[in-house]
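A.B. asks: start_27.tsv (TSV, C-alpha atoms) pasted underneath:
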```tsv
chain	number	residue	atom	x	y	z
F	1	MET	CA	-12.68	-0.83	-7.93
F	2	ASN	CA	-10.22	-1.42	-10.79
F	3	SER	CA	-12.91	-1.23	-13.49
F	4	LEU	CA	-12.81	-4.92	-14.39
F	5	PRO	CA	-15.25	-5.70	-17.22
F	6	ALA	CA	-17.68	-7.90	-15.27
F	7	ARG	CA	-20.40	-7.66	-12.66
F	8	ARG	CA	-19.15	-7.57	-9.09
F	9	SER	CA	-21.46	-10.41	-8.04
F	10	VAL	CA	-20.08	-12.63	-10.83
F	11	LEU	CA	-16.49	-11.84	-9.86
F	12	LYS	CA	-17.13	-12.55	-6.17
F	13	ALA	CA	-18.85	-15.83	-6.97
F	14	GLY	CA	-15.96	-16.84	-9.22
F	15	VAL	CA	-13.32	-16.02	-6.61
F	16	ALA	CA	-15.27	-17.88	-3.93
F	17	SER	CA	-15.61	-20.96	-6.15
F	18	ILE	CA	-11.90	-21.00	-7.00
F	19	ASN	CA	-10.81	-20.55	-3.37
F	20	ARG	CA	-13.11	-23.29	-2.09
F	21	SER	CA	-11.89	-25.67	-4.79
F	22	ILE	CA	-8.26	-24.95	-3.94
F	23	ALA	CA	-8.95	-25.51	-0.24
F	24	ALA	CA	-10.63	-28.84	-0.94
F	25	LEU	CA	-7.60	-30.11	-2.85
F	26	ALA	CA	-4.85	-28.55	-0.76
F	27	ASP	CA	-3.03	-30.07	2.21
F	28	ALA	CA	-2.56	-26.59	3.65
F	29	VAL	CA	-3.50	-23.02	2.75
F	30	ILE	CA	-1.00	-20.31	3.72
F	31	VAL	CA	-2.22	-16.78	4.44
F	32	HIS	CA	-0.16	-13.83	5.65
F	33	GLU	CA	-2.32	-12.38	8.44
F	34	ASP	CA	-4.73	-13.55	11.12
F	35	PHE	CA	-7.39	-11.37	9.49
F	36	LEU	CA	-7.05	-13.32	6.24
F	37	ARG	CA	-7.23	-16.61	8.12
F	38	ASP	CA	-10.58	-15.51	9.53
F	39	VAL	CA	-11.78	-14.52	6.03
F	40	ALA	CA	-10.71	-17.88	4.59
F	41	ILE	CA	-12.58	-19.82	7.27
F	42	ARG	CA	-15.66	-17.61	7.47
F	43	ASP	CA	-16.22	-16.50	3.86
F	44	TYR	CA	-14.72	-19.42	1.91
F	45	ARG	CA	-15.54	-22.16	4.42
F	46	MET	CA	-11.97	-23.50	4.43
F	47	PRO	CA	-11.30	-26.17	7.08
F	48	VAL	CA	-9.80	-24.62	10.20
F	49	HIS	CA	-6.96	-27.15	10.43
F	50	LYS	CA	-5.77	-26.37	6.90
F	51	VAL	CA	-5.35	-22.58	7.19
F	52	ILE	CA	-1.85	-21.62	8.33
F	53	VAL	CA	-0.62	-18.09	9.05
F	54	ARG	CA	2.86	-17.17	7.83
F	55	PRO	CA	3.94	-13.50	7.61
F	56	HIS	CA	4.49	-11.83	4.26
F	57	GLY	CA	8.09	-11.20	3.26
F	58	VAL	CA	9.58	-8.64	0.92
F	59	GLU	CA	12.32	-8.77	-1.68
F	60	ARG	CA	15.67	-7.21	-0.90
F	61	VAL	CA	16.31	-3.90	-2.58
F	62	ARG	CA	19.41	-1.78	-3.07
F	63	PRO	CA	18.52	1.75	-1.99
F	64	LEU	CA	20.32	4.59	-3.65
F	65	ASP	CA	22.43	6.92	-1.55
F	66	ARG	CA	19.84	8.94	0.35
F	67	GLY	CA	21.63	12.28	0.06
F	68	ARG	CA	22.22	11.88	-3.66
F	69	ALA	CA	18.65	10.71	-4.27
F	70	ARG	CA	17.25	13.75	-2.46
F	71	ALA	CA	19.64	16.09	-4.25
F	72	ASN	CA	18.58	14.69	-7.62
F	73	LEU	CA	14.96	15.48	-6.70
F	74	GLY	CA	15.84	18.89	-5.29
F	75	ILE	CA	14.70	18.00	-1.76
F	76	GLY	CA	16.55	19.82	1.02
F	77	ASP	CA	17.44	18.31	4.39
F	78	ASP	CA	15.05	20.75	6.04
F	79	ARG	CA	12.01	19.12	4.40
F	80	VAL	CA	10.11	15.92	5.12
F	81	LEU	CA	9.46	14.04	1.89
F	82	VAL	CA	6.07	12.32	1.87
F	83	LEU	CA	5.62	9.73	-0.89
F	84	PHE	CA	2.53	8.23	-2.49
F	85	PHE	CA	3.23	5.46	-4.99
F	86	GLY	CA	0.97	3.61	-7.41
F	87	TYR	CA	-1.64	4.05	-10.11
F	88	LEU	CA	-3.95	6.94	-9.33
F	89	ALA	CA	-7.30	5.28	-8.72
F	90	ARG	CA	-10.19	7.03	-6.99
F	91	TYR	CA	-10.39	4.58	-4.07
F	92	LYS	CA	-6.74	5.14	-3.08
F	93	GLY	CA	-7.40	8.43	-1.30
F	94	VAL	CA	-4.67	10.47	-2.96
F	95	ASP	CA	-7.04	13.44	-3.18
F	96	LEU	CA	-7.36	13.29	0.62
F	97	LEU	CA	-3.57	13.40	0.90
F	98	VAL	CA	-3.45	16.56	-1.23
F	99	LYS	CA	-6.22	18.04	0.91
F	100	VAL	CA	-4.25	17.31	4.08
F	101	LEU	CA	-1.21	19.09	2.66
F	102	ARG	CA	-3.33	22.10	1.79
F	103	ASN	CA	-5.44	22.43	4.93
F	104	ARG	CA	-3.73	20.62	7.79
F	105	LEU	CA	0.03	20.93	7.39
F	106	ASP	CA	2.57	23.72	7.15
F	107	TRP	CA	3.52	22.85	3.58
F	108	ARG	CA	6.74	24.86	3.88
F	109	LYS	CA	8.08	21.93	5.93
F	110	TYR	CA	6.96	19.14	3.60
F	111	SER	CA	7.39	17.93	0.06
F	112	LEU	CA	4.82	15.57	-1.46
F	113	ILE	CA	5.58	13.37	-4.43
F	114	ILE	CA	2.69	11.49	-6.00
F	115	ALA	CA	4.59	8.88	-7.99
F	116	GLY	CA	2.09	7.37	-10.39
F	117	GLY	CA	-0.08	7.98	-13.41
F	118	PRO	CA	-3.71	7.45	-14.46
F	119	HIS	CA	-5.13	3.98	-14.02
F	120	PRO	CA	-5.08	2.40	-17.50
F	121	ARG	CA	-8.42	0.62	-17.10
F	122	ALA	CA	-10.23	3.77	-15.97
F	123	ARG	CA	-8.96	6.34	-18.45
F	124	ASP	CA	-12.07	6.16	-20.64
F	125	ASP	CA	-14.51	6.53	-17.76
F	126	PRO	CA	-15.98	10.08	-17.73
F	127	GLY	CA	-16.29	10.13	-13.94
F	128	TYR	CA	-12.65	9.10	-13.56
F	129	ARG	CA	-11.46	11.70	-16.04
F	130	GLU	CA	-13.30	14.40	-14.09
F	131	TRP	CA	-11.82	13.17	-10.80
F	132	PHE	CA	-8.31	13.09	-12.27
F	133	ARG	CA	-8.72	16.58	-13.76
F	134	ASP	CA	-9.75	17.90	-10.33
F	135	LEU	CA	-6.71	16.23	-8.76
F	136	VAL	CA	-4.34	17.84	-11.28
F	137	ASN	CA	-6.00	21.24	-10.79
F	138	ASN	CA	-5.66	20.99	-7.00
F	139	VAL	CA	-1.98	20.08	-7.32
F	140	ASP	CA	-1.38	22.96	-9.73
F	141	GLU	CA	-3.12	25.39	-7.38
F	142	LEU	CA	-0.97	24.29	-4.47
F	143	ARG	CA	2.15	24.67	-6.58
F	144	ARG	CA	1.14	28.22	-7.53
F	145	GLU	CA	0.83	28.98	-3.82
F	146	GLY	CA	4.40	27.78	-3.31
F	147	ALA	CA	3.91	24.21	-2.06
F	148	ASP	CA	6.32	21.51	-3.25
F	149	VAL	CA	3.88	18.88	-4.51
F	150	ARG	CA	4.58	16.87	-7.66
F	151	LEU	CA	2.72	14.50	-9.96
F	152	THR	CA	5.28	12.35	-11.74
F	153	GLY	CA	3.14	10.28	-14.11
F	154	PHE	CA	3.88	6.58	-14.57
F	155	VAL	CA	7.06	5.51	-12.75
F	156	GLU	CA	9.12	2.64	-14.13
F	157	ASP	CA	11.86	2.69	-11.48
F	158	PRO	CA	10.61	3.44	-7.94
F	159	SER	CA	14.06	3.39	-6.36
F	160	PRO	CA	14.88	7.13	-6.66
F	161	TYR	CA	11.67	8.04	-4.85
F	162	PHE	CA	11.72	5.42	-2.09
F	163	SER	CA	15.43	6.06	-1.49
F	164	ALA	CA	14.77	9.76	-0.96
F	165	ALA	CA	11.50	9.54	1.01
F	166	ASP	CA	11.03	9.91	4.76
F	167	LEU	CA	7.68	8.12	4.88
F	168	VAL	CA	5.02	6.64	2.63
F	169	VAL	CA	1.29	7.42	2.88
F	170	LEU	CA	-1.21	5.01	1.30
F	171	PRO	CA	-4.69	6.18	2.38
F	172	TYR	CA	-6.51	3.47	0.41
F	173	VAL	CA	-10.11	2.90	1.44
F	174	GLU	CA	-9.47	-0.83	0.91
F	175	ARG	CA	-6.08	-1.47	2.45
F	176	PHE	CA	-5.62	-4.96	0.96
F	177	SER	CA	-4.93	-3.36	-2.42
F	178	ALA	CA	-1.97	-1.45	-0.96
F	179	SER	CA	0.16	-4.60	-0.59
F	180	GLY	CA	2.58	-3.82	-3.45
F	181	PRO	CA	3.53	-0.25	-2.45
F	182	ALA	CA	3.42	-1.17	1.25
F	183	SER	CA	5.89	-4.02	0.64
F	184	LEU	CA	8.21	-1.63	-1.20
F	185	ALA	CA	8.04	0.82	1.70
F	186	GLU	CA	8.95	-1.98	4.12
F	187	ALA	CA	11.80	-3.15	1.88
F	188	TYR	CA	13.26	0.38	1.91
F	189	GLY	CA	12.83	0.61	5.70
F	190	LEU	CA	10.24	3.40	5.55
F	191	PRO	CA	7.29	3.92	7.89
F	192	VAL	CA	4.04	3.54	5.96
F	193	PHE	CA	0.52	4.79	6.66
F	194	LEU	CA	-2.28	2.36	5.83
F	195	ALA	CA	-5.86	3.47	6.33
F	196	ASP	CA	-7.78	1.72	9.10
F	197	GLY	CA	-10.83	0.05	7.60
F	198	GLN	CA	-12.95	1.67	10.33
F	199	LEU	CA	-12.05	5.19	9.17
F	200	ARG	CA	-14.56	5.63	6.38
F	201	ALA	CA	-15.32	9.33	6.95
F	202	SER	CA	-12.93	11.60	5.09
F	203	ALA	CA	-12.44	13.87	8.12
F	204	ASP	CA	-11.33	10.89	10.25
F	205	LEU	CA	-8.89	9.81	7.56
F	206	GLU	CA	-7.51	13.32	7.25
F	207	ASP	CA	-6.96	13.44	11.02
F	208	ALA	CA	-5.15	10.09	10.96
F	209	ILE	CA	-2.97	11.06	7.98
F	210	THR	CA	-2.06	14.39	9.60
F	211	ARG	CA	-1.06	12.74	12.89
F	212	PHE	CA	1.05	10.14	11.09
F	213	ILE	CA	2.93	12.70	9.00
F	214	GLU	CA	3.55	15.05	11.92
F	215	GLU	CA	4.64	12.27	14.30
F	216	ARG	CA	6.72	10.14	11.94
F	217	GLY	CA	8.02	13.03	9.86
F	218	GLY	CA	9.97	14.43	12.77
F	219	ASP	CA	11.72	11.15	13.56
F	220	PRO	CA	10.68	8.50	11.02
F	221	GLY	CA	13.01	5.83	12.38
F	222	THR	CA	13.69	2.64	10.47
F	223	VAL	CA	11.29	-0.19	9.76
F	224	HIS	CA	12.98	-3.59	9.89
F	225	ALA	CA	11.73	-5.68	6.99
F	226	ARG	CA	11.17	-9.42	6.93
F	227	PHE	CA	13.11	-10.45	3.83
F	228	TRP	CA	12.15	-13.55	1.90
F	229	ASP	CA	15.65	-15.02	1.94
F	230	GLU	CA	15.68	-14.86	5.75
F	231	MET	CA	12.27	-16.50	5.95
F	232	ALA	CA	13.02	-19.28	3.47
F	233	ALA	CA	14.30	-21.75	6.06
F	234	ASP	CA	11.15	-21.38	8.14
F	235	TYR	CA	8.95	-21.92	5.10
F	236	TYR	CA	10.99	-24.92	4.03
F	237	SER	CA	10.79	-26.64	7.42
F	238	PHE	CA	7.04	-26.01	7.56
F	239	LEU	CA	6.50	-27.52	4.10
F	240	VAL	CA	8.61	-30.56	4.95
F	241	ARG	CA	6.58	-31.14	8.14
F	242	THR	CA	3.35	-30.76	6.20
F	243	ARG	CA	4.49	-33.23	3.55
F	244	ASN	CA	5.51	-35.79	6.14
F	245	SER	CA	2.63	-35.51	8.59
F	246	GLY	CA	0.00	-33.16	7.17
F	247	PRO	CA	-0.96	-29.82	8.72
F	248	GLN	CA	-1.53	-29.83	12.44
F	249	SER	CA	-3.26	-27.11	14.39
F	250	PRO	CA	-3.28	-23.55	12.91
F	251	VAL	CA	0.17	-21.97	13.23
F	252	ARG	CA	0.98	-18.29	13.74
F	253	ARG	CA	4.57	-17.18	13.48
```
Just give me the structure as structure tokens.
C.D. replies:
Amino acid sequence: MNSLPARRSVLKAGVASINRSIAALADAVIVHEDFLRDVAIRDYRMPVHKVIVRPHGVERVRPLDRGRARANLGIGDDRVLVLFFGYLARYKGVDLLVKVLRNRLDWRKYSLIIAGGPHPRARDDPGYREWFRDLVNNVDELRREGADVRLTGFVEDPSPYFSAADLVVLPYVERFSASGPASLAEAYGLPVFLADGQLRASADLEDAITRFIEERGGDPGTVHARFWDEMAADYYSFLVRTRNSGPQSPVRR
């Protein structure tokens, strides 16, 4: 999906070989979700007693003053700011997000910032260039109609955008690749939309995105993050127990 210069079958075989070797040598293998534990046991044949579930944490951030961040972006208090963040790859569904703004929402109530630029490994692909050109044209057309939708290009500092946003939408077809932006959203206390792997049809995804924006945009609330510094003691005690007695039964916490 990220245009790596190798056959998919070769890459999958290489990853499987590495993971199985690691599992054979390791005392314990930590994964962040029950789903990944099932993948490790089923697909990589890792021993059940070695695979331990520990939740993913996020780094602490220092959000900017929300009012000032929104003022700097020219976003009024009467608008809901929807944020997409990351390289613009075809599988990330950003074109669906633009389509939702055009066809499903009253765009006078919403601002959409697409904070990211072209994917560096895909720039030379003719199909990607055509897709990206269509995306830019659709954004420009919406802007001519009066919608507040923006393509920023590559973003070095995400803080101004996450500090100003009301919610984050990441309609990736493969949700595992959304971990970086999703972690940032959690760190800033923002509700985040992640596509359900069962929603492959574009119409189903558009319905889900629309519901999320309309429901969470009115009262987004605050997401309480699990920060790494708060989780460190739990990790430390687990590692000490593992060193002293080896992993026991699979743990979920």
A.B. asks: I need the residue nearest F:Leu112 from this list: F:Arg90, F:Arg143, F:His32, F:Lys12. Use all atoms listed in the file for the distance.
C.D. replies: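 Looking at the shortest contact to F:Leu112, the residue is F:Arg143.
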A.B. asks: Could you tell me which of F:Ile41, F:Val169, F:Leu142, F:Ala178 comes closest to F:Ala89 if we count all atoms listed in the file?
C.D. replies: F:Ala178
A.B. asks: Give the answer as one residue: which of F:Glu59, F:Asp134, F:Asp65, F:Asp124 has the shortest atom-to-atom distance to F:Val94, using only C-alpha atoms?
C.D. replies: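 So, comparing all the options, the nearest one is F:Asp134.
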A.B. asks: Atom CA of F:Leu73 and atom CA of F:Leu184, how far apart in Å?
C.D. replies: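 Interatomic distance here is 19.2 Å.
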A.B. asks: Smallest atom-to-atom distance to F:Ile22: which of F:Lys50, F:Arg70, F:Arg211, F:Arg123, using only C-alpha atoms?
C.D. replies: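 Of the candidates, the smallest distance to F:Ile22 is held by F:Lys50.
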A.B. asks: Could you list, as a count of residues only, every residue within 7 Å of F:Tyr188, counting all atoms listed in the file and ignoring same-chain residues fewer than 6 positions away?
C.D. replies: 4
A.B. asks: Using all atoms listed in the file, which residue out of F:Leu105, F:Ile114, F:Gly127, F:Asn244 lies closest to F:Ile209?
C.D. replies: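 Among F:Leu105, F:Ile114, F:Gly127, F:Asn244, it is F:Leu105 that comes nearest to F:Ile209.
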A.B. asks: What is the distance, in Å and to one decimal place, between atom CA of F:Asp78 and atom CA of F:Tyr161?
C.D. replies: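 Interatomic distance, atom CA of F:Asp78 to atom CA of F:Tyr161: 17.1 Å.
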A.B. asks: If I take atom CA of F:Phe85 and atom CA of F:Gly116, how far is one from the other in Å, to one decimal?
C.D. replies: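 About the pair atom CA of F:Phe85 and atom CA of F:Gly116: they are 5.8 Å apart.
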A.B. asks: Between F:Ala16, F:Leu88, F:Thr242, F:Val168, which residue has the minimum interatomic distance to F:Phe132, considering all atoms listed in the file?
C.D. replies: F:Leu88
A.B. asks: Write out as AutoDock Vina command-line options an axis-aligned box for stretch 135-154 of chain F: all of its atoms listed in the file, 8 Å added on each side, centre and edge lengths in Å with one decimal.
C.D. replies:
```
--center_x -0.2 --center_y 17.8 --center_z -8.3 --size_x 29.0 --size_y 38.4 --size_z 28.5
```
A.B. asks: Name the residues within 12 Å of (6.5, 1.5, -12.8), counting all atoms listed in the file in the file's coordinates, and put them as an NGL selection string.
C.D. replies: :F and (85-87 or 115-119 or 152-161 or 180-181)
A.B. asks: In the coordinates of the file, take the point (12.9, 6.4, 6.9) and a cut-off of 9 Å; then, counting all atoms listed in the file, name each qualifying protein, DNA or RNA residue as a PyMOL selection string.
C.D. replies: chain F and resi 163-168+188-191+216-217+219-223
